[in-house]
Amino acid sequence: MSDAPQARWEALARRYDLPSQPEWQKLLNHFDLSEGFALLVLLVPEADAAALCQRELEKQLQREGRQLTALKLLTPDDLRQLPNRLLAEHPSVDTGCLWMAAVEPDYYKTSAKWREAWQEALARLNAQRNPLRRQFNCSLVFVGAPWFQEVLREIAPDLWSVRTLVIRIEAAPQPADQRSGTEAVARPEFVEEFGGGDPQFALQESGKLRGVPGKELSLARLLHRAAAGFAGRDDWRAAEKLYTEALELKQRASAPAASLFATFHELAWTCQVLGHTHQSMTYAEQALKIALDIGDLHLKGIALGNLGLAHAALGDARKAIEFYEQHLKIAREIDDRRGEGTDLNNLGLAYATLGDARKAIEFYEQHLKISREISDRNGEGTALNNLGNAYADLGDARKAIEFHEQALVIAREIGDRRGEGSAIGNLGNAYYTLGYAHKAIECYGRQLIIVREIGDRRGEGTALGNNGSAYLALGDVRKAIEYYEKSLDIKHEIGDRNGEGIALWNSALAFEQLGNRAEAISRAEAALKIFEAIEDPNAAKVRAQLAQWRSSISSKTARAQTDAGPLP
């Protein structure tokens, strides 16, 4: 299972959807708060589920500078030797979990042998309850099929009496005609998502620790997880507030370097979404310093990538490329194929910003090749979508449609609803470019249905704005304004400063077409204020148009020519 291709992990992630499961949140909550010995029982339906839980818990612990140590139990004989092996373990101080998994569902022919092996191992361990509690200053996690609970309770009543939690993980319910999917790469990713899950649950638990001396680090972990949950729901202002509080607590509590890095990294991205680009850069620089101090090449690459993103947001694509190239070198050095592909994608985005669509295509094609080699279907869809956008930039909208349709097929095959919405929206953009505004509106309408179903507020705001531009092209200016207003409300609500500026600017163009120059200028000025604050390169375009409009008013000209068009 450990060597499974990325596609298999993604399929398992969709099948179990751990962040949405309250039981999984309870497990994470335990590790956020745990100190000293604990005995946990994790019941899962199959070995693949156990492997997924181990993988996700290991990542969670690593972000806090802790380790998961797994005792491999590959055969019933291995399991019978578990008492001796466990008592021989002397974990380091940074060990957060000893993981012991032997999952054999009762419908397997070999389940009787595994049940007997568990019975023998647990009977011997039951007599070692107190020595185990003295020896281990970490959590012991026993992982088995659902029948394991009954065996533990009957065969090892003394161990059962000191259990801390019993967690049950089941496959997520799925409609017959729809599979939930992983998120498409809307943000150029450098690490996997933290999967915060339910932020309210983490906040509720954190309330119990506020003001409790010595619990600062546990409180910080809960706040970080709550922030990740809010970020997953596009509530970036709430995410920034909680990440900031978590960081302050971690710094006061002298948290492990990896834990500090995780919060600096997330703050770097959150601030970028909110348009606080210089603050984002500061956080990325602090993350880079930590990575350099501890000599972790992987984390160094992540921080360099974040710095590239910050420079790209400031309109300095060439500086962004310098950082992306440094990250690319590291990814290749440590054989991080997924990171290599992502960085090639980001290089393509940077060259597209510079207007070099053909150079961008070269990088997107390399990203596509790697994604296919490592069976990263999500990355494959991203590369195809970006290739479509690049060909649209070259004026080849029909070629763009071919790539977006391929991306759409992949998104539907892997159940990636957000990727499906993105591909449909990109198809709408291509049809818009071809002058087929009605066809574009049809695509944007389908995209809106999807993003609303999955709660993608950013995607909803973008789709509404694109609808506005399509209606503007049809000459239905009032309808366009209606959509721009809805887009503006959402972008303001979620704290997307760039999106807010775009919605204001596009509505300014619409009011100009209505002949309402005063309202057009007012909205353009508001857009300019935002673009200047976040140092968005669109500021120059808006500033030039404002000067033209103001000049026409002062010279008594009835109406000035508007050369600028809506922003995507």
# chains A, B, ... in the order shown; residues from 1 in each chain; ligands from 1
>>> closest_atom_pairs(of="stretch 333-440 of chain A", to="stretch 321-324 of chain A", cutoff="7 Å", atoms="only C-alpha atoms", output="JSON lines")
{"residue": "A:Asp343", "atom": "CA", "partner": "A:Tyr324", "partner_atom": "CA", "distance": 6.2}
{"residue": "A:Leu347", "atom": "CA", "partner": "A:Ile321", "partner_atom": "CA", "distance": 6.2}
{"residue": "A:Ala350", "atom": "CA", "partner": "A:Ile321", "partner_atom": "CA", "distance": 6.6}
>>> select_by_dssp(residues="stretch 230-438 of chain A", states="helix (DSSP H, G or I)", output="MDAnalysis selection string")
chainID A and resid 230:232 236:252 257:273 277:294 297:313 317:333 337:353 357:373 377:393 397:413 417:433 437:438
>>> closest_residue(among="A:Trp549, A:Phe37, A:Tyr364, A:Phe201", to="A:Leu222", atoms="only C-alpha atoms")
A:Phe201
>>> residues_around(residues="A:Leu349", least_positions_apart="3", cutoff="10 Å", atoms="only C-alpha atoms", output="number ranges by chain")
A: 188, 312, 317, 321, 343-346, 352-357, 359-361, 363-364, 386, 389-390
>>> atom_distance(atom1="atom CA of A:Glu413", atom2="atom CA of A:Ile374")
17.1 Å
>>> residues_around(residues="A:Ala202", least_positions_apart="3", cutoff="10 Å", atoms="only C-alpha atoms", output="PyMOL selection string")
chain A and resi 25-26+28-29+32+196-199+205-207+219+221-227+229
>>> write_last_selection(atoms="C-alpha atoms", output="PDB file, in the first residue's frame")
ATOM      1  CA  GLN A  25     -11.884  14.913  14.079  1.00  0.00           C
ATOM      2  CA  LYS A  26     -12.059  13.305  17.519  1.00  0.00           C
ATOM      3  CA  LEU A  28      -7.032  14.510  15.608  1.00  0.00           C
ATOM      4  CA  ASN A  29      -8.352  16.331  18.639  1.00  0.00           C
ATOM      5  CA  ASP A  32      -3.690  17.959  19.535  1.00  0.00           C
ATOM      6  CA  GLY A 196      -8.830  21.014   8.725  1.00  0.00           C
ATOM      7  CA  GLY A 197     -12.274  19.409   8.702  1.00  0.00           C
ATOM      8  CA  ASP A 198     -14.953  20.961  10.892  1.00  0.00           C
ATOM      9  CA  PRO A 199     -13.589  24.266  12.235  1.00  0.00           C
ATOM     10  CA  GLU A 205     -12.569  22.137  21.964  1.00  0.00           C
ATOM     11  CA  SER A 206     -10.122  25.048  22.049  1.00  0.00           C
ATOM     12  CA  GLY A 207     -12.482  26.979  24.311  1.00  0.00           C
ATOM     13  CA  LEU A 219      -4.491  25.277  22.180  1.00  0.00           C
ATOM     14  CA  ARG A 221      -2.751  23.051  17.505  1.00  0.00           C
ATOM     15  CA  LEU A 222      -6.520  23.263  17.808  1.00  0.00           C
ATOM     16  CA  LEU A 223      -6.584  26.847  16.541  1.00  0.00           C
ATOM     17  CA  HIS A 224      -4.379  25.895  13.582  1.00  0.00           C
ATOM     18  CA  ARG A 225      -6.755  23.055  12.705  1.00  0.00           C
ATOM     19  CA  ALA A 226      -9.777  25.345  13.021  1.00  0.00           C
ATOM     20  CA  ALA A 227      -8.056  27.877  10.752  1.00  0.00           C
ATOM     21  CA  GLY A 229     -11.095  24.282   8.291  1.00  0.00           C
TER      22      GLY A 229
END
>>> closest_residue(among="A:Asn516, A:Tyr351, A:Ala383, A:Leu292", to="A:Arg318", atoms="only C-alpha atoms")
A:Tyr351
>>> atom_distance(atom1="atom CA of A:Leu132", atom2="atom CA of A:Leu52")
26.7 Å
>>> residues_around(residues="A:Leu86", least_positions_apart="3", cutoff="10 Å", atoms="only C-alpha atoms", output="PyMOL selection string")
chain A and resi 71+81-83+89-90+98+100+125+132+136+140
>>> residues_around(residues="A:Asn498", least_positions_apart="6", cutoff="9 Å", atoms="only C-alpha atoms", output="VMD selection string")
chain A and resid 273 to 275 491 530 to 531 534 536
>>> write_last_selection(atoms="N, CA, C and O atoms", output="compact mmCIF listing (two decimals), in the first residue's frame")
# COMPACT_ATOMS: atom_id res chain seq x y z
N VAL A 273 -4.12 35.38 -0.41
CA VAL A 273 -5.52 35.38 -0.85
C VAL A 273 -6.20 36.67 -0.45
O VAL A 273 -6.99 37.25 -1.20
N LEU A 274 -5.88 37.16 0.76
CA LEU A 274 -6.50 38.38 1.27
C LEU A 274 -5.89 39.64 0.66
O LEU A 274 -6.35 40.74 0.95
N GLY A 275 -4.88 39.48 -0.16
CA GLY A 275 -4.25 40.65 -0.79
C GLY A 275 -3.18 41.30 0.05
O GLY A 275 -2.67 42.36 -0.30
N LYS A 491 -16.99 38.14 -3.16
CA LYS A 491 -15.56 38.40 -3.05
C LYS A 491 -15.24 39.23 -1.80
O LYS A 491 -14.23 38.99 -1.12
N ILE A 530 -8.02 49.36 -4.27
CA ILE A 530 -7.71 47.98 -3.90
C ILE A 530 -6.47 47.48 -4.63
O ILE A 530 -5.54 46.92 -4.03
N PHE A 531 -6.41 47.70 -5.95
CA PHE A 531 -5.28 47.22 -6.75
C PHE A 531 -3.97 47.84 -6.28
O PHE A 531 -2.93 47.17 -6.24
N ILE A 534 -2.89 46.23 -2.89
CA ILE A 534 -2.32 44.88 -2.98
C ILE A 534 -1.25 44.78 -4.06
O ILE A 534 -0.75 43.71 -4.36
N ASP A 536 -1.44 45.13 -7.30
CA ASP A 536 -1.85 44.32 -8.44
C ASP A 536 -1.50 45.07 -9.72
O ASP A 536 -1.77 46.27 -9.85
